[in-house]
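work.txt follows (compact mmCIF, C-alpha atoms):
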# COMPACT_ATOMS: atom_id res chain seq x y z
CA MET W 1 9.86 22.29 8.55
CA GLY W 2 8.97 21.90 12.18
CA THR W 3 10.05 18.37 12.95
CA ASP W 4 10.08 19.28 16.62
CA LEU W 5 6.50 20.48 16.85
CA ALA W 6 4.78 20.01 20.18
CA PRO W 7 1.33 20.74 21.59
CA GLY W 8 1.07 24.37 22.61
CA ASP W 9 3.29 25.58 19.77
CA ARG W 10 2.05 28.43 17.64
CA VAL W 11 2.16 27.61 13.94
CA ARG W 12 1.46 29.46 10.72
CA THR W 13 -0.18 27.61 7.87
CA ARG W 14 1.07 27.62 4.33
CA ALA W 15 -0.15 30.65 2.42
CA THR W 16 0.20 29.32 -1.10
CA ASP W 17 -2.74 28.55 -3.36
CA PRO W 18 -1.85 25.03 -4.47
CA ALA W 19 -2.29 23.71 -8.00
CA GLY W 20 -4.14 20.57 -7.02
CA HIS W 21 -6.11 18.85 -4.30
CA THR W 22 -5.29 19.88 -0.77
CA ARG W 23 -6.86 19.63 2.64
CA LEU W 24 -5.87 23.05 3.95
CA PRO W 25 -9.08 25.07 3.68
CA ARG W 26 -8.76 28.46 2.02
CA TYR W 27 -10.12 30.21 5.14
CA ALA W 28 -7.16 28.89 7.17
CA ARG W 29 -4.39 29.75 4.70
CA GLY W 30 -1.55 31.83 6.11
CA ALA W 31 -3.19 31.84 9.53
CA VAL W 32 -1.61 31.47 12.95
CA GLY W 33 -3.03 28.85 15.29
CA VAL W 34 -2.06 26.72 18.25
CA LEU W 35 -1.23 23.02 18.16
CA VAL W 36 -3.74 21.19 20.33
CA GLU W 37 -2.49 17.62 19.88
CA ARG W 38 -1.05 15.16 17.42
CA ALA W 39 -3.79 13.27 15.62
CA GLY W 40 -1.89 10.40 14.09
CA ARG W 41 0.22 10.03 10.95
CA HIS W 42 -1.05 9.81 7.40
CA PRO W 43 0.31 10.10 3.87
CA LEU W 44 -0.25 13.59 2.47
CA ALA W 45 -3.65 13.81 0.78
CA ASP W 46 -2.24 16.20 -1.84
CA ASP W 47 0.20 13.49 -3.00
CA ARG W 48 -2.27 10.62 -2.77
CA ALA W 49 -4.67 12.56 -4.98
CA ARG W 50 -2.01 12.67 -7.70
CA GLY W 51 -1.29 8.96 -7.35
CA VAL W 52 2.14 9.86 -5.92
CA PRO W 53 3.32 7.48 -3.20
CA ALA W 54 3.59 9.27 0.10
CA GLU W 55 5.06 8.36 3.47
CA PRO W 56 2.92 8.95 6.54
CA GLN W 57 3.64 12.22 8.31
CA PRO W 58 2.18 13.69 11.48
CA VAL W 59 -1.19 15.40 11.35
CA TRP W 60 -2.13 17.93 13.98
CA HIS W 61 -5.27 19.42 15.44
CA VAL W 62 -4.65 23.16 15.07
CA ARG W 63 -6.92 25.61 16.83
CA PHE W 64 -7.58 29.05 15.36
CA ALA W 65 -9.41 32.01 16.83
CA ALA W 66 -12.32 33.01 14.59
CA ALA W 67 -11.21 36.63 14.82
CA ASP W 68 -7.87 35.65 13.24
CA LEU W 69 -9.58 33.72 10.43
CA PHE W 70 -12.54 35.95 9.65
CA GLY W 71 -11.91 39.22 11.46
CA ALA W 72 -14.91 38.58 13.69
CA GLY W 73 -16.44 35.98 15.98
CA ASP W 74 -15.68 34.74 19.47
CA HIS W 75 -15.49 31.05 18.60
CA THR W 76 -12.59 28.79 17.67
CA VAL W 77 -12.15 26.56 14.65
CA THR W 78 -9.97 23.47 14.99
CA VAL W 79 -8.73 21.97 11.75
CA GLU W 80 -6.77 18.75 11.26
CA LEU W 81 -3.70 19.62 9.24
CA TRP W 82 -0.76 17.72 7.82
CA GLN W 83 2.57 18.81 9.31
CA GLU W 84 3.78 19.83 5.85
CA TYR W 85 1.18 22.63 5.87
CA LEU W 86 2.64 24.08 9.10
CA THR W 87 5.62 26.17 10.18
CA ARG W 88 6.36 26.91 13.79
CA VAL W 89 6.11 30.57 14.68
CA GLU W 90 9.22 31.59 16.62
CA GLU W 91 8.25 33.57 19.66
CA ASP W 92 9.98 36.90 20.22
CA ALA W 93 12.42 36.85 23.14
CA MET C 1 -6.09 26.39 -7.24
CA SER C 2 -8.84 27.40 -4.85
CA ARG C 3 -11.63 25.07 -5.72
CA ILE C 4 -15.38 25.19 -5.63
CA ASN C 5 -15.67 22.62 -2.84
CA ASP C 6 -13.66 24.83 -0.47
CA VAL C 7 -16.59 26.81 0.88
CA GLY C 8 -15.72 27.35 4.56
CA GLY C 9 -16.48 30.98 5.37
CA MET C 10 -17.76 31.75 1.87
CA ALA C 11 -20.63 34.22 1.74
CA GLY C 12 -23.84 33.97 -0.22
CA PHE C 13 -25.28 30.63 0.80
CA PRO C 14 -28.78 30.48 2.26
CA ALA C 15 -30.12 29.28 5.60
CA VAL C 16 -29.60 25.61 6.30
CA LEU C 17 -32.59 23.56 5.15
CA GLU C 18 -33.46 20.44 7.08
CA GLU C 19 -35.48 17.71 5.38
CA PRO C 20 -37.61 15.96 8.01
CA ASP C 21 -37.30 12.15 8.13
CA GLU C 22 -34.82 12.21 5.32
CA PRO C 23 -34.10 8.78 3.81
CA PRO C 24 -30.42 7.78 3.38
CA PHE C 25 -30.84 7.90 -0.39
CA HIS C 26 -33.47 9.78 -2.38
CA ALA C 27 -33.41 7.31 -5.27
CA ASP C 28 -32.05 3.83 -5.96
CA TRP C 29 -29.42 5.15 -8.33
CA GLU C 30 -27.92 7.21 -5.51
CA ALA C 31 -27.43 4.08 -3.42
CA HIS C 32 -25.87 2.39 -6.43
CA VAL C 33 -23.44 5.26 -6.95
CA PHE C 34 -22.50 5.15 -3.28
CA ALA C 35 -21.83 1.41 -3.44
CA LEU C 36 -20.06 1.64 -6.79
CA ASN C 37 -17.55 4.12 -5.38
CA GLY C 38 -16.80 1.84 -2.45
CA ALA C 39 -16.34 -1.16 -4.74
CA LEU C 40 -13.95 0.64 -7.08
CA ILE C 41 -11.86 2.04 -4.23
CA LYS C 42 -11.75 -1.39 -2.59
CA ARG C 43 -10.46 -2.83 -5.87
CA GLY C 44 -7.80 -0.14 -6.09
CA VAL C 45 -9.06 1.39 -9.33
CA TYR C 46 -8.59 4.74 -7.59
CA ASN C 47 -8.20 5.98 -4.01
CA LEU C 48 -10.41 8.22 -1.89
CA ASP C 49 -8.17 11.27 -2.38
CA GLU C 50 -8.29 10.85 -6.17
CA PHE C 51 -12.06 10.57 -5.88
CA ARG C 52 -12.33 13.86 -3.98
CA ASP C 53 -9.92 15.47 -6.41
CA ALA C 54 -12.00 14.35 -9.40
CA GLN C 55 -15.12 15.96 -7.92
CA GLU C 56 -13.25 19.17 -7.24
CA ARG C 57 -12.04 19.30 -10.84
CA LEU C 58 -15.55 19.23 -12.31
CA PRO C 59 -16.37 22.42 -14.21
CA VAL C 60 -17.77 24.89 -11.68
CA GLU C 61 -21.13 25.31 -13.42
CA GLN C 62 -21.59 21.55 -13.62
CA TYR C 63 -20.51 21.16 -9.99
CA LEU C 64 -22.96 23.72 -8.63
CA ALA C 65 -25.87 22.50 -10.78
CA ALA C 66 -25.34 18.87 -9.83
CA SER C 67 -26.80 17.12 -6.81
CA TYR C 68 -24.51 15.42 -4.30
CA TYR C 69 -24.58 11.98 -5.87
CA GLU C 70 -24.56 13.41 -9.41
CA ARG C 71 -21.16 14.86 -8.52
CA TRP C 72 -20.06 11.48 -7.22
CA PHE C 73 -21.11 9.77 -10.44
CA ALA C 74 -19.39 12.41 -12.56
CA ALA C 75 -16.19 11.91 -10.56
CA ILE C 76 -16.41 8.14 -10.92
CA THR C 77 -16.82 8.29 -14.70
CA THR C 78 -13.99 10.87 -14.93
CA LEU C 79 -11.66 8.50 -13.10
CA LEU C 80 -12.74 5.44 -15.08
CA ARG C 81 -11.86 7.38 -18.22
CA GLU C 82 -8.58 8.81 -16.89
CA LYS C 83 -7.46 5.45 -15.53
CA GLY C 84 -8.08 3.84 -18.92
CA VAL C 85 -10.84 1.51 -17.70
CA ALA C 86 -13.25 2.72 -20.37
CA THR C 87 -13.52 5.41 -23.01
CA ALA C 88 -15.97 8.30 -22.79
CA ALA C 89 -18.01 6.72 -25.59
CA GLU C 90 -18.19 3.39 -23.78
CA LEU C 91 -19.22 5.08 -20.54
CA HIS C 92 -22.02 6.95 -22.33
CA GLY C 93 -23.31 3.82 -23.97
CA HIS C 94 -22.56 4.57 -27.59
CA MET K 1 -30.75 18.12 -12.80
CA SER K 2 -33.92 17.29 -10.90
CA GLY K 3 -37.30 15.75 -11.41
CA GLU K 4 -38.34 12.37 -12.70
CA HIS K 5 -36.92 12.71 -16.20
CA GLY K 6 -33.48 13.63 -14.93
CA SER K 7 -33.66 10.83 -12.41
CA SER K 8 -34.48 8.21 -15.02
CA VAL K 9 -31.70 9.45 -17.30
CA ILE K 10 -29.01 9.18 -14.65
CA SER K 11 -30.49 5.94 -13.37
CA ALA K 12 -30.01 4.43 -16.83
CA ARG K 13 -26.47 5.80 -17.04
CA VAL K 14 -25.55 4.28 -13.69
CA ARG K 15 -26.97 0.90 -14.72
CA HIS K 16 -25.03 1.09 -17.96
CA VAL K 17 -21.74 1.78 -16.20
CA GLU K 18 -22.37 -1.04 -13.71
CA ALA K 19 -23.02 -3.46 -16.57
CA LEU K 20 -19.86 -2.30 -18.33
CA LEU K 21 -17.77 -2.82 -15.20
CA GLU K 22 -19.27 -6.24 -14.57
CA ALA K 23 -18.41 -7.22 -18.13
CA ARG K 24 -14.82 -6.06 -17.49
CA GLY K 25 -14.55 -8.04 -14.25
CA LEU K 26 -14.36 -4.94 -12.07
CA LEU K 27 -17.66 -5.59 -10.34
CA ASP K 28 -19.10 -8.88 -9.14
CA ASP K 29 -22.71 -9.82 -9.72
CA GLY K 30 -24.71 -8.76 -6.66
CA GLU K 31 -21.82 -6.82 -5.16
CA ILE K 32 -23.62 -3.48 -5.36
CA ASP K 33 -26.74 -4.76 -3.61
CA THR K 34 -24.68 -6.41 -0.88
CA ARG K 35 -22.77 -3.22 -0.26
CA ILE K 36 -25.95 -1.17 -0.05
CA ASP K 37 -27.56 -3.61 2.36
CA GLU K 38 -24.50 -3.73 4.59
CA PHE K 39 -24.28 0.03 4.68
CA LEU K 40 -27.92 0.50 5.60
CA ALA K 41 -27.79 -2.25 8.22
CA GLY K 42 -24.55 -1.02 9.75
CA GLY K 43 -24.06 2.49 10.99
CA SER K 44 -26.83 4.31 12.84
CA PRO K 45 -27.13 7.15 15.35
CA ALA K 46 -28.11 4.47 17.88
CA ASN K 47 -24.43 3.52 17.93
CA GLY K 48 -23.32 7.02 18.82
CA ALA K 49 -26.11 7.22 21.37
CA ARG K 50 -24.89 4.05 23.06
CA ILE K 51 -21.43 5.50 23.41
CA VAL K 52 -22.81 8.67 24.95
CA ALA K 53 -25.08 6.79 27.36
CA ARG K 54 -22.16 4.67 28.57
CA ALA K 55 -20.03 7.79 29.01
CA TRP K 56 -22.75 9.46 31.06
CA ALA K 57 -23.24 6.37 33.23
CA ASP K 58 -19.56 5.54 33.69
CA PRO K 59 -17.05 8.38 34.29
CA GLY K 60 -14.12 5.99 33.84
CA PHE K 61 -15.38 5.10 30.36
CA ALA K 62 -15.86 8.78 29.60
CA GLU K 63 -12.21 9.44 30.50
CA ARG K 64 -11.03 6.57 28.31
CA LEU K 65 -13.29 7.76 25.50
CA LEU K 66 -11.85 11.26 25.54
CA ALA K 67 -8.27 9.93 25.71
CA ASP K 68 -8.48 7.21 23.04
CA ALA K 69 -11.90 6.83 21.50
CA ASN K 70 -10.93 4.15 18.95
CA THR K 71 -9.98 1.79 21.76
CA ALA K 72 -12.73 2.80 24.19
CA ILE K 73 -15.65 2.22 21.81
CA ARG K 74 -14.68 -1.45 21.52
CA GLU K 75 -15.90 -1.75 25.11
CA VAL K 76 -19.44 -1.23 23.77
CA GLY K 77 -18.90 -3.48 20.78
CA LEU K 78 -18.28 -0.73 18.25
CA SER K 79 -15.39 -0.04 15.91
CA MET K 80 -14.16 2.50 13.38
CA ALA K 81 -12.49 -0.19 11.29
CA GLY K 82 -15.37 -1.21 9.04
CA GLY K 83 -15.13 1.30 6.20
CA LEU K 84 -12.73 2.04 3.38
CA GLN K 85 -9.99 2.97 5.86
CA GLU K 86 -9.89 2.94 9.67
CA GLN K 87 -10.59 6.40 10.86
CA ARG K 88 -9.36 7.98 14.05
CA LEU K 89 -12.30 8.90 16.27
CA LYS K 90 -12.12 12.08 18.32
CA VAL K 91 -14.84 12.56 20.93
CA VAL K 92 -15.34 16.14 22.06
CA ALA K 93 -17.27 16.81 25.26
CA ASN K 94 -19.68 19.67 25.73
CA THR K 95 -19.42 21.43 29.07
CA ALA K 96 -21.16 24.34 30.70
CA ALA K 97 -18.41 26.56 29.32
CA GLU K 98 -17.98 25.14 25.82
CA HIS K 99 -20.18 23.70 23.09
CA ASN K 100 -18.73 21.70 20.20
CA VAL K 101 -20.03 21.44 16.65
CA VAL K 102 -18.63 19.41 13.75
CA VAL K 103 -18.43 20.12 10.02
CA CYS K 104 -16.47 19.05 6.97
CA THR K 105 -16.07 22.28 4.99
CA LEU K 106 -14.11 20.62 2.16
CA CYS K 107 -16.51 17.79 1.40
CA SER K 108 -18.76 15.89 3.84
CA CYS K 109 -16.61 13.61 6.02
CA TYR K 110 -18.77 12.05 8.69
CA PRO K 111 -18.53 9.08 11.12
CA ILE K 112 -21.03 6.86 9.30
CA ALA K 113 -20.17 3.82 11.45
CA LEU K 114 -21.50 5.65 14.49
CA LEU K 115 -24.13 7.92 12.99
CA GLY K 116 -25.31 6.16 9.86
CA PRO K 117 -25.71 8.00 6.56
CA SER K 118 -25.20 11.75 6.79
CA PRO K 119 -28.15 14.12 6.36
CA SER K 120 -28.24 16.41 3.33
CA TRP K 121 -28.04 19.51 5.48
CA TYR K 122 -24.64 18.39 6.81
CA LYS K 123 -23.39 18.00 3.21
CA SER K 124 -24.85 21.31 2.05
CA GLU K 125 -22.81 24.35 1.03
CA ALA K 126 -25.10 26.34 3.32
CA TYR K 127 -23.98 24.47 6.45
CA ARG K 128 -20.36 23.99 5.44
CA SER K 129 -19.81 27.62 4.50
CA ARG K 130 -21.62 29.22 7.40
CA VAL K 131 -20.95 27.15 10.51
CA VAL K 132 -17.22 27.97 10.61
CA ARG K 133 -17.89 31.68 10.32
CA ASP K 134 -21.12 32.05 12.34
CA PRO K 135 -21.73 28.91 14.42
CA ARG K 136 -23.91 30.78 16.90
CA GLY K 137 -26.19 31.92 14.10
CA VAL K 138 -26.34 28.49 12.47
CA LEU K 139 -27.09 26.79 15.78
CA ALA K 140 -29.84 29.32 16.45
CA GLU K 141 -31.40 28.35 13.10
CA PHE K 142 -31.45 24.79 14.40
CA GLY K 143 -33.25 26.05 17.50
CA LEU K 144 -30.20 25.91 19.77
CA ASP K 145 -29.67 29.26 21.46
CA LEU K 146 -26.55 29.05 23.56
CA PRO K 147 -25.83 31.47 26.41
CA ALA K 148 -23.59 34.32 25.33
CA ASP K 149 -20.83 33.17 27.66
CA THR K 150 -20.74 29.63 26.22
CA ARG K 151 -17.71 29.33 23.95
CA ILE K 152 -18.25 27.50 20.69
CA ALA K 153 -15.57 25.19 19.32
CA VAL K 154 -16.03 24.24 15.67
CA TRP K 155 -14.20 21.12 14.43
CA ASP K 156 -13.49 20.91 10.69
CA ALA K 157 -12.97 17.29 9.61
CA SER K 158 -10.25 18.06 7.10
CA ALA K 159 -8.11 14.93 7.41
CA GLU K 160 -8.51 11.38 8.74
CA SER K 161 -10.20 12.01 12.09
CA ARG K 162 -13.94 11.77 12.51
CA TYR K 163 -15.66 13.56 15.33
CA LEU K 164 -18.44 12.75 17.77
CA VAL K 165 -19.85 15.29 20.17
CA LEU K 166 -20.48 14.08 23.72
CA PRO K 167 -23.50 16.17 24.74
CA ARG K 168 -24.10 17.23 28.31
CA ARG K 169 -26.23 14.84 30.28
CA PRO K 170 -29.74 16.32 30.66
CA ALA K 171 -30.87 17.29 34.13
CA GLY K 172 -33.16 14.92 35.98
CA THR K 173 -31.72 11.73 34.46
CA GLY K 174 -29.84 10.60 37.54
CA SER K 175 -31.80 7.38 37.88
CA SER K 176 -32.15 6.57 34.19
CA SER K 177 -30.86 3.31 32.78
CA GLU K 178 -28.31 3.33 29.98
CA THR K 179 -31.03 2.34 27.54
CA GLU K 180 -33.16 5.29 28.67
CA LEU K 181 -30.17 7.61 28.42
CA ALA K 182 -29.34 6.43 24.91
CA ALA K 183 -32.91 7.16 23.80
CA LEU K 184 -32.39 10.83 24.70
CA VAL K 185 -29.46 11.26 22.31
CA THR K 186 -30.18 12.53 18.79
CA ARG K 187 -28.09 12.57 15.64
CA LYS K 188 -27.99 16.36 15.77
CA GLY K 189 -26.75 16.19 19.37
CA LEU K 190 -23.87 13.98 18.22
CA ILE K 191 -22.96 16.51 15.51
CA GLY K 192 -23.44 19.53 17.75
CA THR K 193 -26.48 21.18 16.18
CA ALA K 194 -28.67 20.26 19.16
CA ALA K 195 -28.05 20.24 22.89
CA VAL K 196 -28.50 16.46 23.11

Is it possible to give me this structure as structure tokens?
Amino acid sequence: MGTDLAPGDRVRTRATDPAGHTRLPRYARGAVGVLVERAGRHPLADDRARGVPAEPQPVWHVRFAAADLFGAGDHTVTVELWQEYLTRVEEDA
Amino acid sequence: MSRINDVGGMAGFPAVLEEPDEPPFHADWEAHVFALNGALIKRGVYNLDEFRDAQERLPVEQYLAASYYERWFAAITTLLREKGVATAAELHGH
Amino acid sequence: MSGEHGSSVISARVRHVEALLEARGLLDDGEIDTRIDEFLAGGSPANGARIVARAWADPGFAERLLADANTAIREVGLSMAGGLQEQRLKVVANTAAEHNVVVCTLCSCYPIALLGPSPSWYKSEAYRSRVVRDPRGVLAEFGLDLPADTRIAVWDASAESRYLVLPRRPAGTGSSSETELAALVTRKGLIGTAAV
């Protein structure tokens, strides 16, 4: 699940359409971005919204190229995402 | 499921409208709703994530027709009902 | 629902629910008014402006602000700890090469301790939907036309962090006092929809 994530890593966000509350915006689902920095640790919002106790986990600032999100644009969008939403993309050798 | 609040990148919305010298609240009841939410979260009746979730679960037509603080109030009454604090009838004043 | 009739209907409903909660011991008498007063007296864009002015005047402070804003802002008597939960503050600096703009696409998260109550435009579907896809166009609507070679970095406040833009110091302010510098900073500048 990417317990060894580090700034600079490329990650892909979860592609699933979840049943309940989540803080992964639809426009960033299944997208590849770069980890900018760790932004603290917090219990998963998805669990807290269901009244389920949740242990804090790392949250990351993840930077996406607009072209990768929307197919157009020269800007970047940085989103703060719980580690559980992320999987490291293994680079090809 | 993809919810109505998740609008990043969604097409169809108009130009951004700025209200000059906008007051923090447009009516007293809005300020009351704002404060009520803080008080209930502080007391642990529900948490902030449950509050956001309750707004997102409002029927889409109601959500889009409602103003910002109308959505807040609808979410608050939803949670008061779901948490067993009061019945729908009691909340409506019957 | 809009107009006076709608407003009086919901106003009555809110009063009714408050009375019900007071009767059930979930709300103290006067608690609502106290909360409203504290909120309105607390956060304001003047707070954010003070942070920016200090950062412009003191490069060491600016460095500390960019590295750990929660700690740095205590140097000017400010804190992110006053609300429902302490929020992590991230300060993002505009440069000649890059302009930052902040949004919360999922709801309307906003650093109210430093900026006061958020404006309706920030909370609107129009802003939240469009600024992530076409920030250049949205900024142009606000009257901010950035050079084509200025990169735009959009920050979506999707978790616990709250964001403050550190605008570029305007030219010709080399001998301004911190108070004069702070007076130049607008709420829109701190969100990123104005240059300063």

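What separates atom CA of Gly38 of chain C from atom CA of Gly83 of chain K is a distance of 8.8 Å.
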
Please report as a count of residues only which residues of chain C come no farther than 9 Å from chain K, using all atoms listed in the file.
-> 51

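Across the structure, atom CA of Arg187 of chain K and atom CA of Gly60 of chain K are spaced 23.9 Å apart.
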
With a distance threshold of 8 Å and counting all atoms listed in the file, extract the residues of chain W near chain C and express them as a VMD selection string.
-> chain W and resid 17 to 21 25 to 27 45 to 46 48 to 51 70

Taking all atoms listed in the file into account, report as a VMD selection string which residues of chain K lie within 10 Å of chain W.
-> chain K and resid 88 to 90 98 to 102 104 to 107 131 to 136 148 to 161
